[in-house]
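Some notes on the structure that comes next.
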Amino acid sequence: METGDEETTVNDPALVSATNVAEPGAEEGGNTEALLTAPDRAEPSDEQSPETPVGVIVPLATLASTCKLSPAEVEQRAMTVGQQMPDWRQVEWEMQNLKTIPVLGQMARRFIATMDRDDVVIDDVVASIAHDPALCVGVLRLANSVFIGSREPIVELPAAVQVIGVRRVRQMAGTLQLFKDSTRLGGGLEWKHLWQHALATQLLAERLNEASAQRAKPGLAACAILHDVGKIALASLRPEEYKEVLLGAWQARLSLASLEQARLGMDHCEAGWIFGAEAGLPALILDSIAYHDAPDRAHPDHRSTVALVALANQLAKQHGLGFSGDGLCPEMEIWQSPEWKYWKNSLNGTLETEEFAAKEAGWIYEVRRELQIYGG
């Protein structure tokens with residue numbers, strides 16, 4: 001188990017009071033009402049495939065570290081995970097009232113250290129925020145709140161920091177200082193490996209976009225780092241139940257979403273959408289949270305960004321970069337995956353399979369190094 005990674009919680013009263021705000025506007029002339037429609041709730045299914053597909057299975061040590069159990073305890077408890085009828089209305093109510101999620105310890109320390117400097121500039125602030133979901137939510141929430149009064153939804157972190165001002169961000173860092181001795185996520189989970197997966201998805205999405213020769217996508221970094229924010233939210237609300245979900249998904253080699261539905265009544269995509277909507281996040285980011293497993297369901301204005309996040313997400317899973325929570329990731333060449341098809345269909349230009357294959361190994365190597373640099 002990792003030590004010294006205290007979990008910290010954003011609890012700035014200014015940020016909390018900015019949670020229930022007016023709905024953000026549509027992206028570049030889109031339909032706001034259409035963009036903010038909640039994803040459909042899927043009914044839990046008892047059906048399981050009779051054959052277990054071959055794929056990438058999360059290492060036992062990673063699962064044990066995340067659940068704060070010994071490998072022997074993981075194997076024992078995973079065998080006894082049972083199904084319960086979910087009270088999804090209660091979970092939904094709790095999600096609507098969730099104001100804060102944890103910040104990874106080393107990211108909080110880096111952020112606080114940056115904001116303690118007298119000569120701090122916006123680029124430094126953005127760099128200390130960009131790789132942690134909770135810090136991103138806090139800054140974007142305030143930037144898009146009624147306290148700021150921006151007419152257009154803000155999806156870029158530099159713009160958000162510019163609008164908020166360094167003084168307010170300093171106040172956020174001061175609040176984090178009060179909570180830096182916290183050591184748990186929601187009372188029972190260590191989410192470092194889940195964070196590694198989110199960060200790897202962000203780093204890969206940026207490289208994929210550059211390789212496709214497309215112009216920079218506004219909000220891509222925030223969309224990627226926040227795509228799994230629903231997992232953090234659910235784990236914060238129901239830590240013991242979520243631990244059971246992780247154990248059950250690993251034992252049965254099932255997708256995490258199917259177990260989330262069965263145990264909690266909603267999966268992380270819907271949970272993340274509810275949390276993000278209550279936080280006033282822009283529609284583009286909400287679509288990436290809700291539809292990163294089904295980019296074709298995203299609003300047409302957002303589909304290329306969501307498809308890019310989906311592809312990076314799948315690539316991170318296949319190379320075992322962090323822990324996505326799934327019990328198994330189907331093993332296939334990435335360009336044979338649905339995510340590749342969605343992304344290719346969203347491009348005006350092309351990225352040939354051979355060109356991608358030539359770059360993939362280098363990207364994975366670079367991302368592994370960056371994860372180490374950021375405390376992975």
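For the structure tokens, the naming scheme is as follows: chains receive sequential letters (A, B, ...) according to their order of presentation, residues are indexed from 1 within each chain, and ligands are indexed from 1 in presentation order.
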
Show which residues sit within 12 Å of Leu247 in chain A, as number ranges by chain. Count only C-alpha atoms, and ignore same-chain residues fewer than 5 positions away. A: 58, 60, 62-69, 71, 73-82, 240-242, 252-256, 259-260, 263, 325-327

Find the residues around range 296-312 of chain A up to 7 Å (only C-alpha atoms counted), leave out those fewer than 4 positions away in its own chain, and share them as a VMD selection string. chain A and resid 35 201 204 to 205 220 224 284 287 to 288 291 to 292 316 339 to 340 342 to 343 346 to 347

Smallest atom-to-atom distance to Arg117 in chain A: which of A:Ala216, A:Val166, A:Ala357, A:Val245, using only C-alpha atoms?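 Smallest distance to Arg117 in chain A is found for A:Val166.
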
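Going from CA of Trp250 in chain A to CA of Gln318 in chain A covers 15.4 Å.
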
Residues near range 366-373 of chain A, cut-off 10 Å, only C-alpha atoms, skip fewer than 5 positions along chain, as a PDB file with N, CA and C atoms, in the first residue's frame:
```
ATOM      1  N   TRP A 195      -7.091   7.424 -10.051  1.00  0.00           N
ATOM      2  CA  TRP A 195      -6.582   8.713 -10.531  1.00  0.00           C
ATOM      3  C   TRP A 195      -5.552   8.510 -11.635  1.00  0.00           C
ATOM      4  N   GLN A 196      -4.688   7.492 -11.487  1.00  0.00           N
ATOM      5  CA  GLN A 196      -3.707   7.222 -12.538  1.00  0.00           C
ATOM      6  C   GLN A 196      -4.404   6.969 -13.876  1.00  0.00           C
ATOM      7  N   HIS A 197      -5.500   6.231 -13.826  1.00  0.00           N
ATOM      8  CA  HIS A 197      -6.233   5.952 -15.067  1.00  0.00           C
ATOM      9  C   HIS A 197      -6.794   7.238 -15.670  1.00  0.00           C
ATOM     10  N   LEU A 199      -5.679  10.307 -15.282  1.00  0.00           N
ATOM     11  CA  LEU A 199      -4.576  11.120 -15.792  1.00  0.00           C
ATOM     12  C   LEU A 199      -4.023  10.532 -17.086  1.00  0.00           C
ATOM     13  N   ALA A 200      -3.897   9.210 -17.151  1.00  0.00           N
ATOM     14  CA  ALA A 200      -3.409   8.571 -18.381  1.00  0.00           C
ATOM     15  C   ALA A 200      -4.355   8.856 -19.538  1.00  0.00           C
ATOM     16  N   THR A 201      -5.653   8.835 -19.270  1.00  0.00           N
ATOM     17  CA  THR A 201      -6.643   9.150 -20.303  1.00  0.00           C
ATOM     18  C   THR A 201      -6.461  10.573 -20.808  1.00  0.00           C
ATOM     19  N   GLN A 202      -6.218  11.500 -19.900  1.00  0.00           N
ATOM     20  CA  GLN A 202      -5.990  12.890 -20.291  1.00  0.00           C
ATOM     21  C   GLN A 202      -4.744  13.025 -21.159  1.00  0.00           C
ATOM     22  N   LEU A 203      -3.651  12.428 -20.726  1.00  0.00           N
ATOM     23  CA  LEU A 203      -2.392  12.544 -21.460  1.00  0.00           C
ATOM     24  C   LEU A 203      -2.487  11.902 -22.841  1.00  0.00           C
ATOM     25  N   LEU A 204      -3.147  10.756 -22.929  1.00  0.00           N
ATOM     26  CA  LEU A 204      -3.298  10.079 -24.217  1.00  0.00           C
ATOM     27  C   LEU A 204      -4.233  10.848 -25.141  1.00  0.00           C
ATOM     28  N   ARG A 207      -2.307  13.556 -26.820  1.00  0.00           N
ATOM     29  CA  ARG A 207      -1.401  13.051 -27.854  1.00  0.00           C
ATOM     30  C   ARG A 207      -2.171  12.595 -29.090  1.00  0.00           C
ATOM     31  N   ALA A 316      -5.910   3.463 -22.397  1.00  0.00           N
ATOM     32  CA  ALA A 316      -5.344   3.394 -21.047  1.00  0.00           C
ATOM     33  C   ALA A 316      -5.694   2.068 -20.377  1.00  0.00           C
ATOM     34  N   HIS A 319      -3.586  -0.918 -21.846  1.00  0.00           N
ATOM     35  CA  HIS A 319      -2.172  -0.923 -21.462  1.00  0.00           C
ATOM     36  C   HIS A 319      -1.988  -0.932 -19.950  1.00  0.00           C
ATOM     37  N   LEU A 321      -2.806   1.189 -17.624  1.00  0.00           N
ATOM     38  CA  LEU A 321      -2.348   2.453 -17.036  1.00  0.00           C
ATOM     39  C   LEU A 321      -3.341   2.864 -15.948  1.00  0.00           C
ATOM     40  N   GLY A 322      -2.982   2.604 -14.703  1.00  0.00           N
ATOM     41  CA  GLY A 322      -3.905   2.837 -13.617  1.00  0.00           C
ATOM     42  C   GLY A 322      -4.960   1.748 -13.560  1.00  0.00           C
ATOM     43  N   GLU A 360       2.070   4.507 -31.118  1.00  0.00           N
ATOM     44  CA  GLU A 360       1.428   4.033 -29.889  1.00  0.00           C
ATOM     45  C   GLU A 360       2.431   3.655 -28.799  1.00  0.00           C
ATOM     46  N   ALA A 361       3.435   2.871 -29.127  1.00  0.00           N
ATOM     47  CA  ALA A 361       4.400   2.435 -28.120  1.00  0.00           C
ATOM     48  C   ALA A 361       5.116   3.617 -27.477  1.00  0.00           C
TER      49      ALA A 361
END
```

Let's see if you can do this: from backbone DSSP, list all alpha helix (DSSP H) residues in range 240-330 of chain A, as an MDAnalysis selection string. chainID A and resid 240:252 256:264 268:278 283:291 303:318

Every residue of range 136-365 of chain A that DSSP places in strand (DSSP E or B), as a list in words: Leu185, Leu189, Cys329 and Pro330 of chain A

Spatial neighbours of range 153-165 of chain A, max dist 8 Å, only C-alpha atoms, sep filter under 6 positions, as a ChimeraX atom specification: /A:24-27,122-123,125-126,130,136,139-140,142-144,218-219,221-222,282,284-285
